[in-house]
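Below you'll find the structure, written out as structure tokens, and then a few comments.
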Amino acid sequence: MARSLCALLVLLSALVATPAQAAPAVFAHPGVMVSRAQLDFVKGRVAAGAQPWKAAFDQMAASPFASLTRNPTPRAVVECGSYSNPNIGCTDERQDALAAYTLALRWYITGDARYATKAISIMDAWSAVLRDHTNSNAPLQSAWAASTWPRAAEIIRYTYTGGWPNMQRFATMLREVYLPEVVNGSSSNGNWELSMMEAAIGIAVFLEDRAVYDRAVARFRARAAAFLYVAADGPQPKYPPVGNVDTYAELVSFWHGQTTFVDGLSQETCRDFTHTGYGVSAISHVAETSRIQGQDLYPELADRLRHALGLHAKYQLGAAAPSWLCGGSLKLGLGPVTEVGFNALNTRMGIAMTNTQTLTERQRPAGTNYLFVAWETLTHARNPN
């Protein structure tokens with residue numbers, strides 16, 4: 001069967017929404033990566049001084065992102081080139097979004113309204129002025145920031161009763177500034193499109209937009225299956241859902257020269273573990289949101305995700321790379337990205353994951369990657385909800 005027809009069938013199968021895969025009739029709130037039940041569990045553990053949650057909370061509270069004196073630095077136009085060069089507002093935007101989320105978490109866990117109002121002030125500052133993203137990294141920059149903003153906004157909107165007068169302006173920013181940059185996906189390396197779909201799904205939950213949610217989930221499912229290989233895929237990985245990767249030779253090039261495929265290998269493993277971690281993290285985040293929304297993509301993703309976490313954890317822990325894997329040379333640096341997926345698969349689903357557990361526990365408390373990952377030991381370590 002021609003590659004183009006195969007790719008079309010894969011995408012069409014993802015686009016056909018069954019009852020278990022459709023947007024919820026009623027969205028759950030707060031419902032982007034963390035639920036109220038999860039937050040209540042964390043709040044109780046921190047109040048009890050239990051570990052690792054108390055240490056994780058203390059780490060977060062000591063971060064400048066949790067400060068009541070932080071001054072947001074919004075821009076009308078954020079310009080981000082490749083590898084954030086130029087960097088005109090890129091770092092500021094990502095870190096202000098992380099600060100809003102951090103402050104929202106600190107509000108819920110402590111009950112101190114000052115943190116809620118500070119989170120609101122940061123979100124208001126950006127929604128008052130932001131109009132566009134430009135240059136080559138605009139889609140990825142938008143994805144990273146818009147993966148984080150809805151997490152903060154969901155917590156504030158649905159748990160803080162002190163009011164948010166400019167909430168609709170913030171919603172308009174998500175719909176008109178961020179959504180157009182991310183909803184159409186990307187033919188670039190898989191971490192781009194996975195982060196873009198994470199952002200689109202978070203925005204859809206906040207806006208309660210079922211059409212955007214379904215569209216983004218369909219693209220996400222197709223890209224996740226093409227990003228993480230398992231033997232059930234056949235002798236080679238799935239072709240990406242969009243782009244010009246149409247032959248085996250092009251696929252090998254897209255997989256950064258890798259020709260031996262084993263369970264858990266990522267499309268970016270042979271590029272570096274850092275970008276692989278971005279993709280794995282986005283997959284975990286989307287699956288977590290889907291579960292909160294009553295859809296639960298974890299069973300569909302479990303085999304890919306557990307193998308991917310285990311494979312990369314093994315080498316991140318120091319195992320020597322065999323010659324068939326990326327020429328025997330790996331660029332490590334997976335980052336603090338294992339906690340959400342490990343909790344889902346191990347704590348909730350009971351799957352044994354020795355290497356992933358060792359790495360996750362060694363990295364606790366997991367901090368932030370300063371892009372779109374933050375405080376996941378606090379929110380997801382051994383969280384049964």
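Chain lettering (A, B, ...) mirrors the order of the structure tokens, residue numbering begins at 1 for each chain separately, and ligand numbering begins at 1 in order of display.
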Using DSSP on the backbone, list every residue of stretch 77-168 of chain A that comes out as strand (DSSP E or B), and give them as a PyMOL selection string.
chain A and resi 77-80+87-88+132-134
Counting only C-alpha atoms, what is within 7 Å of stretch 206-217 of chain A, bar same-chain residues fewer than 2 positions away, as a ChimeraX atom specification?
/A:22-23,27,150,154,171,183,197,200-204,219-221
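Look at stretch 184-191 of chain A: the protein and nucleic acid residues within 6 Å of it, using only C-alpha atoms and passing over chain neighbours fewer than 2 places away, are Val182, Glu193, Leu194, Phe227, Val242, Gly243, Tyr278 and Gly279 of chain A.
Of the listed residues (A:Ala381, A:Leu105, A:Ala320, A:Ala282), A:Ala381 comes nearest to A:Ala50; the distances count only C-alpha atoms.
If you look at atom CA of A:Pro322 and atom CA of A:Ala222, they are 29.6 Å away from each other.
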Can you list, as a PyMOL selection string, all residues belonging to stretch 71-230 of chain A that DSSP tags as helix (DSSP H, G or I)?
chain A and resi 82-84+90-110+113-129+138-159+167-182+190-207+210-227
For A:Lys331, work out the shell of residues within 12 Å, counting only C-alpha atoms and skipping chain neighbours fewer than 6 positions away, then give it as a tab-separated table (two decimals) with N, CA, C and O atoms, in the first residue's frame.
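Listing of result.tsv after writing:
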chain	number	residue	atom	x	y	z
A	268	GLU	N	13.15	11.21	18.13
A	268	GLU	CA	14.23	12.16	18.42
A	268	GLU	C	15.29	11.60	19.36
A	268	GLU	O	16.17	12.34	19.80
A	269	THR	N	15.25	10.30	19.66
A	269	THR	CA	16.25	9.71	20.55
A	269	THR	C	17.66	10.01	20.06
A	269	THR	O	18.55	10.37	20.85
A	270	CYS	N	17.89	9.84	18.77
A	270	CYS	CA	19.24	10.03	18.23
A	270	CYS	C	19.56	11.49	17.93
A	270	CYS	O	20.69	11.80	17.52
A	271	ARG	N	18.61	12.36	18.13
A	271	ARG	CA	18.91	13.79	18.12
A	271	ARG	C	19.49	14.16	19.48
A	271	ARG	O	20.64	14.57	19.58
A	272	ASP	N	18.69	13.98	20.52
A	272	ASP	CA	19.13	14.15	21.90
A	272	ASP	C	17.98	13.79	22.82
A	272	ASP	O	16.82	13.78	22.42
A	273	PHE	N	18.31	13.50	24.07
A	273	PHE	CA	17.29	13.12	25.04
A	273	PHE	C	16.45	14.33	25.47
A	273	PHE	O	15.31	14.15	25.94
A	274	THR	N	17.00	15.52	25.37
A	274	THR	CA	16.26	16.70	25.83
A	274	THR	C	15.01	16.90	24.99
A	274	THR	O	13.90	17.06	25.54
A	275	HIS	N	15.17	16.91	23.66
A	275	HIS	CA	14.00	17.09	22.80
A	275	HIS	C	13.07	15.88	22.87
A	275	HIS	O	11.84	16.02	22.78
A	276	THR	N	13.66	14.69	23.03
A	276	THR	CA	12.83	13.51	23.26
A	276	THR	C	11.97	13.70	24.50
A	276	THR	O	10.77	13.39	24.50
A	277	GLY	N	12.58	14.22	25.55
A	277	GLY	CA	11.85	14.47	26.79
A	277	GLY	C	10.70	15.44	26.62
A	277	GLY	O	9.65	15.29	27.26
A	312	HIS	N	14.65	5.24	27.84
A	312	HIS	CA	15.44	6.46	28.02
A	312	HIS	C	15.94	6.58	29.46
A	312	HIS	O	17.04	7.10	29.70
A	315	TYR	N	19.31	4.55	29.91
A	315	TYR	CA	20.54	5.20	29.47
A	315	TYR	C	20.80	6.49	30.23
A	315	TYR	O	21.96	6.84	30.47
A	316	GLN	N	19.76	7.18	30.66
A	316	GLN	CA	19.95	8.36	31.48
A	316	GLN	C	20.60	7.98	32.82
A	316	GLN	O	21.38	8.76	33.38
A	318	GLY	N	22.84	5.75	33.11
A	318	GLY	CA	24.25	5.47	32.91
A	318	GLY	C	24.60	4.23	32.13
A	318	GLY	O	25.79	3.94	31.93
A	320	ALA	N	25.59	1.92	29.12
A	320	ALA	CA	26.32	2.23	27.89
A	320	ALA	C	25.43	1.96	26.68
A	320	ALA	O	24.71	0.96	26.63
A	321	ALA	N	25.51	2.85	25.71
A	321	ALA	CA	24.71	2.68	24.50
A	321	ALA	C	25.35	1.65	23.59
A	321	ALA	O	26.56	1.72	23.31
A	325	LEU	N	22.57	1.69	18.51
A	325	LEU	CA	21.70	2.77	18.97
A	325	LEU	C	22.41	4.11	18.80
A	325	LEU	O	23.37	4.42	19.52
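Restricting the calculation to only C-alpha atoms, the smallest distance between A:Arg304 and any of A:Leu174, A:Ala352, A:Ala232, A:Cys90 is found for A:Ala232.
Note that the spacing between atom CA of A:Pro30 and atom CA of A:Ile155 amounts to 5.4 Å.
The coordinates place atom CA of A:Ala153 at 22.8 Å from atom CA of A:Pro336.
Near A:Cys80, within 8 Å and counting only C-alpha atoms, sit Tyr83, Ser84, Asn85, Pro86, Asn87, Ile88, Gly89, Cys90, His133, Thr134, Asn135, Ser136, Asn137, Ala138 and Gln141 of chain A, not including residues fewer than 3 positions from it in the same chain.
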